[in-house]
file target.cif (mmCIF, C-alpha atoms)
data_my_file
loop_
_atom_site.label_atom_id
_atom_site.label_comp_id
_atom_site.auth_asym_id
_atom_site.auth_seq_id
_atom_site.Cartn_x
_atom_site.Cartn_y
_atom_site.Cartn_z
CA MET L 41 0.00 0.00 0.00
CA SER L 42 1.42 3.37 -0.92
CA ASP L 43 2.26 5.97 1.72
CA TYR L 44 -0.50 8.22 0.35
CA ASN L 45 -3.17 5.55 0.80
CA GLN L 46 -1.85 4.74 4.29
CA ASP L 47 -2.16 8.45 5.21
CA GLN L 48 -5.72 8.52 3.90
CA LEU L 49 -6.63 5.54 6.14
CA THR L 50 -4.97 7.15 9.16
CA GLN L 51 -6.98 10.31 8.63
CA LEU L 52 -10.20 8.28 8.71
CA ASP L 53 -9.45 7.09 12.24
CA VAL L 54 -9.88 9.01 15.49
CA GLN L 55 -6.93 11.07 16.66
CA TYR L 56 -5.83 12.96 19.73
CA ASP L 57 -6.45 16.38 18.20
CA SER L 58 -6.13 19.62 20.15
CA ASP L 59 -9.69 19.36 21.60
CA ALA L 60 -9.23 15.75 22.70
CA LYS L 61 -5.84 16.51 24.25
CA THR L 62 -7.13 19.57 26.11
CA SER L 63 -10.09 17.54 27.47
CA LEU L 64 -7.81 14.68 28.60
CA PHE L 65 -5.32 17.09 30.15
CA ASN L 66 -8.01 18.98 32.09
CA MET L 67 -9.55 15.65 33.11
CA GLY L 68 -6.17 14.70 34.57
CA LYS L 69 -6.02 17.97 36.54
CA TRP L 70 -9.51 17.54 38.05
CA ALA L 71 -8.86 13.86 38.76
CA ARG L 72 -5.67 14.74 40.66
CA PHE L 73 -7.56 17.34 42.73
CA LEU L 74 -10.30 14.79 43.52
CA CYS L 75 -7.74 12.18 44.59
CA TRP L 76 -5.82 14.51 46.91
CA ALA L 77 -9.07 15.72 48.49
CA ILE L 78 -10.32 12.14 49.02
CA PHE L 79 -6.95 10.97 50.44
CA ILE L 80 -6.80 13.90 52.89
CA PHE L 81 -10.48 13.45 53.84
CA SER L 82 -9.89 9.73 54.53
CA ILE L 83 -6.88 10.38 56.77
CA LEU L 84 -8.91 13.04 58.67
CA PHE L 85 -11.83 10.60 58.97
CA VAL L 86 -9.64 7.87 60.51
CA PHE L 87 -8.02 10.40 62.85
CA ILE L 88 -11.43 11.75 64.01
CA PHE L 89 -12.71 8.17 64.49
CA ILE L 90 -9.74 7.26 66.73
CA LEU L 91 -10.26 10.49 68.74
CA ALA L 92 -14.03 9.94 69.08
CA ALA L 93 -13.58 6.25 69.97
CA THR L 94 -11.12 7.11 72.76
CA VAL L 95 -13.44 9.79 74.21
CA TYR L 96 -16.59 7.63 73.96
CA ARG L 97 -14.89 4.53 75.40
CA ASP L 98 -13.90 6.48 78.53
CA TYR L 99 -17.29 8.23 78.77
CA LEU L 100 -19.37 5.08 78.18
CA GLY L 101 -17.10 3.05 80.48
CA ASP L 102 -18.23 5.27 83.40
CA VAL L 103 -21.92 4.74 82.56
CA ILE L 104 -22.01 1.14 81.28
CA PRO L 105 -19.54 -1.34 82.86
CA PHE L 106 -19.58 -3.45 79.65
CA PHE L 107 -17.52 -0.77 77.90
CA ASN L 108 -14.76 -1.02 80.51
CA GLU L 109 -14.31 -4.70 79.70
CA MET L 110 -15.14 -4.94 75.99
CA GLY L 111 -15.10 -1.28 74.82
CA THR L 112 -11.57 -1.36 73.38
CA THR L 113 -12.17 -4.65 71.51
CA LEU L 114 -15.45 -3.31 70.11
CA PHE L 115 -13.94 -0.05 68.83
CA ILE L 116 -10.88 -1.85 67.41
CA THR L 117 -13.21 -4.24 65.51
CA ILE L 118 -15.29 -1.34 64.14
CA GLY L 119 -12.08 0.58 63.31
CA PHE L 120 -10.64 -2.43 61.49
CA GLY L 121 -13.86 -2.76 59.46
CA ILE L 122 -13.73 0.94 58.56
CA ILE L 123 -10.07 0.69 57.48
CA VAL L 124 -10.78 -2.37 55.28
CA ALA L 125 -13.79 -0.65 53.64
CA LEU L 126 -11.77 2.56 53.19
CA SER L 127 -8.85 0.65 51.62
CA ILE L 128 -11.15 -0.96 49.02
CA TYR L 129 -12.73 2.43 48.29
CA LEU L 130 -9.33 4.18 48.10
CA SER L 131 -7.93 1.57 45.69
CA ALA L 132 -10.26 3.07 43.04
CA PHE L 133 -8.78 6.51 43.69
CA TYR L 134 -5.25 5.11 43.51
CA PHE L 135 -6.02 4.15 39.89
CA LEU L 136 -7.56 7.56 39.22
CA PHE L 137 -4.38 9.16 40.57
CA ASN L 138 -2.32 6.91 38.27
CA PHE L 139 -4.48 8.00 35.34
CA SER L 140 -3.94 11.65 36.21
CA THR L 141 -0.14 11.31 36.47
CA ASN L 142 0.27 9.21 33.32
CA ILE L 143 -2.12 11.13 31.08
CA LYS L 144 -0.50 14.49 31.88
CA GLN L 145 3.00 13.14 31.41
CA GLY L 146 2.05 11.19 28.28
CA LEU L 147 0.38 14.16 26.59
CA LEU L 148 3.21 16.55 27.40
CA THR L 149 5.95 14.18 26.22
CA GLU L 150 3.81 12.71 23.38
CA ASP L 151 4.52 9.23 24.72
CA THR L 152 1.82 6.84 23.50
CA PRO L 153 2.56 3.93 25.94
CA THR L 154 2.28 6.35 28.90
CA ILE L 155 -1.07 7.64 27.56
CA ASN L 156 -2.27 4.03 27.19
CA THR L 157 -1.18 3.20 30.75
CA GLY L 158 -3.18 6.22 31.93
CA LEU L 159 -6.26 5.10 30.00
CA LYS L 160 -5.89 1.58 31.44
CA SER L 161 -5.87 3.08 34.96
CA LEU L 162 -9.00 5.12 34.18
CA LYS L 163 -10.70 1.92 32.96
CA THR L 164 -9.76 0.12 36.22
CA TYR L 165 -11.07 3.10 38.23
CA PHE L 166 -14.43 2.89 36.44
CA ILE L 167 -14.60 -0.92 36.91
CA ILE L 168 -13.89 -0.73 40.67
CA SER L 169 -16.22 2.25 41.26
CA THR L 170 -19.03 0.58 39.25
CA VAL L 171 -18.71 -2.73 41.15
CA LEU L 172 -18.69 -0.84 44.48
CA SER L 173 -21.75 1.21 43.40
CA ALA L 174 -23.56 -2.00 42.43
CA LEU L 175 -22.75 -3.54 45.83
CA ALA L 176 -23.95 -0.38 47.62
CA LEU L 177 -27.14 -0.47 45.53
CA LEU L 178 -27.78 -4.12 46.45
CA ILE L 179 -27.19 -3.45 50.16
CA ASN L 180 -29.47 -0.38 49.97
CA PHE L 181 -32.14 -2.39 48.14
CA PHE L 182 -32.17 -5.25 50.66
CA SER L 183 -32.10 -2.90 53.66
CA THR L 184 -35.10 -1.02 52.18
CA MET L 185 -36.94 -4.31 51.61
CA LEU L 186 -36.33 -5.37 55.22
CA MET R 97 -0.13 26.28 32.46
CA ASN R 98 -0.75 28.21 29.21
CA ASP R 99 2.60 26.98 27.90
CA GLN R 100 1.57 23.41 28.69
CA THR R 101 -1.77 23.84 26.85
CA ASN R 102 0.02 25.38 23.88
CA ASN R 103 2.36 22.38 23.79
CA LEU R 104 -0.67 20.08 23.69
CA ILE R 105 -2.28 21.96 20.82
CA SER R 106 0.88 21.96 18.71
CA LEU R 107 1.22 18.15 18.80
CA GLU R 108 -0.85 15.55 16.95
CA ALA R 109 -1.02 11.88 17.88
CA GLU R 110 -2.87 8.87 16.61
CA VAL R 111 -5.14 6.77 18.85
CA THR R 112 -3.54 3.31 18.86
CA GLU R 113 -5.47 0.02 18.82
CA ASP R 114 -4.60 -0.56 22.48
CA ALA R 115 -5.88 2.91 23.40
CA LYS R 116 -9.08 2.26 21.41
CA GLU R 117 -9.71 -0.92 23.43
CA GLN R 118 -9.18 0.99 26.68
CA LEU R 119 -11.41 3.87 25.55
CA ASP R 120 -14.14 1.46 24.48
CA ALA R 121 -14.00 -0.22 27.90
CA ILE R 122 -14.02 3.19 29.63
CA GLY R 123 -17.15 4.11 27.64
CA LYS R 124 -18.83 0.79 28.46
CA TRP R 125 -18.10 0.95 32.20
CA SER R 126 -19.08 4.60 32.50
CA VAL R 127 -22.47 3.74 30.91
CA TYR R 128 -22.88 0.85 33.43
CA SER R 129 -21.93 3.21 36.26
CA ALA R 130 -24.49 5.79 35.08
CA VAL R 131 -27.24 3.12 34.81
CA ILE R 132 -26.48 1.99 38.39
CA GLY R 133 -26.60 5.67 39.40
CA PHE R 134 -30.06 6.08 37.81
CA THR R 135 -31.33 2.90 39.52
CA SER R 136 -29.95 4.04 42.86
CA LEU R 137 -31.61 7.43 42.38
CA GLY R 138 -34.95 5.76 41.64
CA LEU R 139 -34.66 3.67 44.81
CA THR R 140 -33.78 6.76 46.86
CA ILE R 141 -36.82 8.63 45.50
CA ILE R 142 -39.16 5.69 46.25
CA SER R 143 -37.86 5.22 49.80
CA THR R 144 -37.98 9.00 50.48
CA VAL R 145 -41.58 9.27 49.25
CA ALA R 146 -42.53 6.28 51.44
CA THR R 147 -40.81 7.84 54.47
CA LEU R 148 -42.40 11.26 53.82
CA ASN R 149 -45.85 9.63 53.63
CA LYS R 150 -45.29 8.04 57.02
CA VAL R 151 -43.96 11.29 58.50
CA SER R 152 -46.91 13.34 57.17
CA GLU R 153 -49.33 10.88 58.82
CA TYR R 154 -47.95 12.08 62.16
CA GLY R 155 -48.48 15.70 61.10
CA ALA R 156 -44.81 16.73 60.78
CA GLY R 157 -45.36 19.06 57.79
CA MET R 158 -42.18 21.16 58.20
CA GLY R 159 -39.93 18.10 58.46
CA ALA R 160 -41.55 16.60 55.37
CA GLY R 161 -41.01 19.88 53.46
CA ALA R 162 -37.33 19.97 54.39
CA GLY R 163 -36.95 16.32 53.40
CA LEU R 164 -38.63 16.97 50.06
CA PHE R 165 -36.32 19.92 49.35
CA GLN R 166 -33.26 17.84 50.23
CA THR R 167 -34.42 14.97 47.99
CA PHE R 168 -35.09 17.39 45.13
CA PHE R 169 -31.59 18.88 45.48
CA ILE R 170 -29.86 15.46 45.61
CA THR R 171 -31.98 14.20 42.68
CA ALA R 172 -31.06 17.19 40.51
CA LEU R 173 -27.32 16.81 41.23
CA SER R 174 -27.35 13.05 40.76
CA LEU R 175 -29.26 13.37 37.49
CA LEU R 176 -26.81 15.97 36.20
CA LEU R 177 -23.81 13.76 37.07
CA ASN R 178 -25.25 10.52 35.71
CA ILE R 179 -26.59 12.07 32.50
CA THR R 180 -23.14 13.61 31.88
CA LEU R 181 -21.44 10.24 32.53
CA TYR R 182 -23.94 8.35 30.37
CA THR R 183 -23.53 10.78 27.45
CA ALA R 184 -19.73 10.69 27.84
CA GLY R 185 -19.60 6.89 27.74
CA ASN R 186 -21.95 6.64 24.78
CA ASN R 187 -20.15 9.31 22.76
CA ILE R 188 -16.68 7.86 23.42
CA ARG R 189 -17.85 4.41 22.29
CA LYS R 190 -19.56 5.81 19.18
CA GLY R 191 -16.44 7.84 18.36
CA VAL R 192 -14.06 4.90 18.75
CA LEU R 193 -16.22 2.24 17.08
CA ASN R 194 -17.35 4.40 14.12
CA ALA R 195 -14.07 6.35 13.84
CA ASP R 196 -16.03 9.59 14.34
CA GLN R 197 -13.79 12.38 15.63
CA GLY R 198 -16.79 14.60 16.54
CA PHE R 199 -18.35 12.01 18.87
CA PHE R 200 -14.92 11.14 20.30
CA ASN R 201 -14.17 14.77 21.19
CA ALA R 202 -17.69 15.33 22.55
CA GLY R 203 -17.34 12.22 24.75
CA LEU R 204 -13.99 13.30 26.18
CA GLN R 205 -15.37 16.81 26.74
CA LYS R 206 -18.35 15.34 28.64
CA LEU R 207 -16.07 13.11 30.73
CA ASN R 208 -13.99 16.19 31.54
CA ASN R 209 -17.22 17.97 32.58
CA TYR R 210 -18.11 15.00 34.79
CA PHE R 211 -14.82 15.25 36.71
CA LYS R 212 -15.17 19.05 36.81
CA ILE R 213 -18.67 18.80 38.37
CA LEU R 214 -17.37 16.25 40.92
CA GLY R 215 -14.47 18.59 41.76
CA ILE R 216 -16.73 21.63 42.18
CA LEU R 217 -19.13 19.62 44.39
CA LEU R 218 -16.18 18.52 46.50
CA ILE R 219 -15.02 22.15 46.87
CA ILE R 220 -18.55 23.10 48.04
CA VAL R 221 -18.66 20.20 50.54
CA LEU R 222 -15.17 21.08 51.83
CA SER R 223 -16.20 24.72 52.25
CA ILE R 224 -19.33 23.69 54.22
CA PHE R 225 -17.20 21.43 56.47
CA LEU R 226 -14.69 24.23 57.01
CA LEU R 227 -17.45 26.74 57.85
CA ALA R 228 -19.07 24.25 60.26
CA PHE R 229 -15.68 23.65 61.89
CA VAL R 230 -14.98 27.40 62.26
CA PHE R 231 -18.50 28.19 63.57
CA GLY R 232 -18.37 25.15 65.90
CA GLY R 233 -15.05 26.37 67.28
CA MET R 234 -16.36 29.92 67.74
CA MET R 235 -19.54 28.67 69.45
CA SER R 236 -17.52 26.56 71.91
CA LEU R 237 -15.26 29.56 72.65
CA PHE R 238 -18.18 31.93 73.41
CA ARG R 239 -20.13 29.35 75.45
#
call {"tool": "encode", "arguments": {"input": "target.cif", "output": "C-alpha cells"}}
result
Amino acid sequence: MSDYNQDQLTQLDVQYDSDAKTSLFNMGKWARFLCWAIFIFSILFVFIFILAATVYRDYLGDVIPFFNEMGTTLFITIGFGIIVALSIYLSAFYFLFNFSTNIKQGLLTEDTPTINTGLKSLKTYFIISTVLSALALLINFFSTML
Amino acid sequence: MNDQTNNLISLEAEVTEDAKEQLDAIGKWSVYSAVIGFTSLGLTIISTVATLNKVSEYGAGMGAGAGLFQTFFITALSLLLNITLYTAGNNIRKGVLNADQGFFNAGLQKLNNYFKILGILLIIVLSIFLLAFVFGGMMSLFR
C-alpha cells in the first residue's frame, strides 16, 4: 500500500487532536484534585474516628460497665472494618491518581505507551467504582426491603 | 499552564489500537456506572416518598417539606452527574467504534465535565465542612 493511501486511512481514524488533548489534560487535573481531596479526607476521617472512639470509650465506660471490659475490643473491631472498607474504596482513587499522572505526562511528552497506561488506569477506576456502586445499591435495596 | 496547553495543541497523535480498546472499555463501564446511578436514584426517591408519607401521617409538615427539598436537590445533582457520565460513555464508544472524531471529542469533553462537576461539588462540601468547623469552634469559645 502506498504511503498516500496509508495516510488517507490514518486520517479516517480518530486522533488525539487539540480538543481531545485539552479535554484529557483537564480531566487529569480535576482527577488529581479529587484524589488529593479524598486521600486527605480519609486520613482526617480515621483520625477523628480514633479520637471519638477514645473519648466515647472512657465516657461510656463510666456509665455502662460493659464498655470497661469490651469497649476497646469493640472499637478496634469497628475501626478495622472501617479501614478495610476505606482501603477498598481508596484503591479506586489510587487508579484515578495513576491516570492523572500518566495522562498528563504522556500528553506533554507525546509518549503513546504512557497515555495508554493512563487510560488503562482510568478503565480500572471505572470498573472498581461501578462494582462498588452495584454492591452499595444491592445493600441499599435489601435494607429497604427489610 | 498556558505553555503546557500550547504544547498540547501543537502536537498531533494517533489513537492506537490498544488505546481504542481501553477507551471502548471506559465508555462501556461509565455507561454501566451511570445506569447503576439512575437505579440508585430511583430507589432513593421511592424510599424518600414512602418515608415522607409516614412522616406526614404524624403531622410533621415542616420536616416533610425539608426532606422533600433535600431529595429534590440530591436528585437534581445526581441526574446531572449521571446524564453527563452516560452521554460521555456513549459518545466515546460511538467515536471509537465508528471512527467519528466529533463524537470522540464530545465524549472526552463530557467526561472532563463529569470530573469538573465532581471537583466543584467537593469544593462546596469542603467549604461547608470548614465553615461548620470554624462556627463550631467559635460557638464553643463563646459558650
call {"tool": "interface_residues", "arguments": {"input": "target.cif", "of": "chain L", "to": "chain R", "cutoff": "7 Å", "atoms": "all atoms listed in the file", "output": "ChimeraX atom specification"}}
result
/L:52-64,66-67,70-71,74,147-148,156,159-160,163,166-167,170,173-174,177
call {"tool": "atom_distance", "arguments": {"input": "target.cif", "atom1": "atom CA of Met234 of chain R", "atom2": "atom CA of Ile88 of chain L"}}
result
19.2 Å
call {"tool": "atom_distance", "arguments": {"input": "target.cif", "atom1": "atom CA of Arg72 of chain L", "atom2": "atom CA of Tyr129 of chain L"}}
result
16.1 Å
call {"tool": "resolve_selection", "arguments": {"input": "target.cif", "expression": "the PyMOL selection byres ((chain L and resi 143) around 9)", "output": "list in words"}}
result
Leu64, Phe65, Met67, Gly68, Asn138, Phe139, Ser140, Thr141, Asn142, Lys144, Gln145, Gly146, Leu147, Leu148, Thr154, Ile155, Asn156, Thr157, Gly158 and Leu159 of chain L
call {"tool": "residues_near_point", "arguments": {"input": "target.cif", "point": "(-7.6, 7.9, 40.3)", "cutoff": "6 Å", "atoms": "all atoms listed in the file", "output": "number ranges by chain"}}
result
L: 133-139
call {"tool": "atom_distance", "arguments": {"input": "target.cif", "atom1": "atom CA of Val221 of chain R", "atom2": "atom CA of Leu177 of chain R"}}
result
15.8 Å
call {"tool": "closest_residue", "arguments": {"input": "target.cif", "among": "L:Ile83, L:Leu178, L:Ala93, L:Leu100", "to": "Leu130 of chain L", "atoms": "all atoms listed in the file"}}
result
L:Ile83
call {"tool": "decode", "arguments": {"input": "target.cif", "residues": "segment 53-80 of chain L", "atoms": "N, CA, C and O atoms", "output": "short mmCIF file (atom, residue, chain, number, x, y, z; two decimals), in the first residue's frame"}}
result
data_model
loop_
_atom_site.label_atom_id
_atom_site.label_comp_id
_atom_site.auth_asym_id
_atom_site.auth_seq_id
_atom_site.Cartn_x
_atom_site.Cartn_y
_atom_site.Cartn_z
N ASP L 53 -9.33 7.56 10.87
CA ASP L 53 -9.45 7.09 12.24
C ASP L 53 -9.46 8.26 13.22
O ASP L 53 -9.11 9.38 12.86
N VAL L 54 -9.87 7.94 14.48
CA VAL L 54 -9.88 9.01 15.49
C VAL L 54 -8.45 9.35 15.91
O VAL L 54 -7.58 8.48 15.89
N GLN L 55 -8.26 10.61 16.25
CA GLN L 55 -6.93 11.07 16.66
C GLN L 55 -7.03 11.90 17.93
O GLN L 55 -8.10 12.41 18.26
N TYR L 56 -5.89 12.03 18.61
CA TYR L 56 -5.83 12.96 19.73
C TYR L 56 -5.57 14.35 19.14
O TYR L 56 -4.43 14.78 19.05
N ASP L 57 -6.65 15.02 18.72
CA ASP L 57 -6.45 16.38 18.20
C ASP L 57 -6.40 17.35 19.38
O ASP L 57 -6.44 16.94 20.53
N SER L 58 -6.32 18.65 19.07
CA SER L 58 -6.13 19.62 20.15
C SER L 58 -7.28 19.58 21.17
O SER L 58 -7.04 19.68 22.37
N ASP L 59 -8.53 19.42 20.68
CA ASP L 59 -9.69 19.36 21.60
C ASP L 59 -9.61 18.15 22.52
O ASP L 59 -9.81 18.26 23.74
N ALA L 60 -9.31 16.99 21.92
CA ALA L 60 -9.23 15.75 22.70
C ALA L 60 -8.12 15.84 23.74
O ALA L 60 -8.31 15.46 24.90
N LYS L 61 -6.98 16.40 23.32
CA LYS L 61 -5.84 16.51 24.25
C LYS L 61 -6.15 17.47 25.39
O LYS L 61 -5.84 17.18 26.54
N THR L 62 -6.79 18.60 25.07
CA THR L 62 -7.13 19.57 26.11
C THR L 62 -8.10 18.93 27.11
O THR L 62 -7.95 19.09 28.32
N SER L 63 -9.12 18.20 26.59
CA SER L 63 -10.09 17.54 27.47
C SER L 63 -9.39 16.54 28.38
O SER L 63 -9.62 16.52 29.59
N LEU L 64 -8.51 15.70 27.81
CA LEU L 64 -7.81 14.68 28.60
C LEU L 64 -6.90 15.33 29.64
O LEU L 64 -6.82 14.88 30.79
N PHE L 65 -6.24 16.41 29.24
CA PHE L 65 -5.32 17.09 30.15
C PHE L 65 -6.08 17.70 31.33
O PHE L 65 -5.68 17.55 32.49
N ASN L 66 -7.20 18.38 31.02
CA ASN L 66 -8.01 18.98 32.09
C ASN L 66 -8.62 17.91 32.98
O ASN L 66 -8.75 18.11 34.18
N MET L 67 -9.01 16.79 32.36
CA MET L 67 -9.55 15.65 33.11
C MET L 67 -8.52 15.20 34.13
O MET L 67 -8.84 14.93 35.28
N GLY L 68 -7.27 15.11 33.70
CA GLY L 68 -6.17 14.70 34.57
C GLY L 68 -6.01 15.65 35.75
O GLY L 68 -5.82 15.22 36.89
N LYS L 69 -6.16 16.97 35.47
CA LYS L 69 -6.02 17.97 36.54
C LYS L 69 -7.12 17.80 37.60
O LYS L 69 -6.85 17.77 38.79
N TRP L 70 -8.38 17.69 37.12
CA TRP L 70 -9.51 17.54 38.05
C TRP L 70 -9.42 16.21 38.81
O TRP L 70 -9.76 16.14 40.00
N ALA L 71 -8.98 15.17 38.12
CA ALA L 71 -8.86 13.86 38.76
C ALA L 71 -7.83 13.92 39.88
O ALA L 71 -8.04 13.38 40.96
N ARG L 72 -6.72 14.61 39.64
CA ARG L 72 -5.67 14.74 40.66
C ARG L 72 -6.21 15.49 41.87
O ARG L 72 -5.97 15.08 43.01
N PHE L 73 -6.97 16.57 41.63
CA PHE L 73 -7.56 17.34 42.73
C PHE L 73 -8.50 16.45 43.56
O PHE L 73 -8.44 16.45 44.80
N LEU L 74 -9.36 15.69 42.85
CA LEU L 74 -10.30 14.79 43.52
C LEU L 74 -9.56 13.79 44.41
O LEU L 74 -9.93 13.57 45.56
N CYS L 75 -8.49 13.20 43.85
CA CYS L 75 -7.74 12.18 44.59
C CYS L 75 -7.12 12.76 45.85
O CYS L 75 -7.25 12.18 46.93
N TRP L 76 -6.45 13.90 45.73
CA TRP L 76 -5.82 14.51 46.91
C TRP L 76 -6.86 14.81 47.97
O TRP L 76 -6.65 14.53 49.15
N ALA L 77 -8.00 15.37 47.53
CA ALA L 77 -9.07 15.72 48.49
C ALA L 77 -9.58 14.46 49.20
O ALA L 77 -9.75 14.46 50.42
N ILE L 78 -9.80 13.38 48.43
CA ILE L 78 -10.32 12.14 49.02
C ILE L 78 -9.29 11.53 49.97
O ILE L 78 -9.63 11.07 51.06
N PHE L 79 -7.99 11.54 49.57
CA PHE L 79 -6.95 10.97 50.44
C PHE L 79 -6.89 11.74 51.77
O PHE L 79 -6.86 11.14 52.84
N ILE L 80 -6.90 13.08 51.67
CA ILE L 80 -6.80 13.90 52.89
C ILE L 80 -8.03 13.69 53.77
O ILE L 80 -7.94 13.52 54.99
#
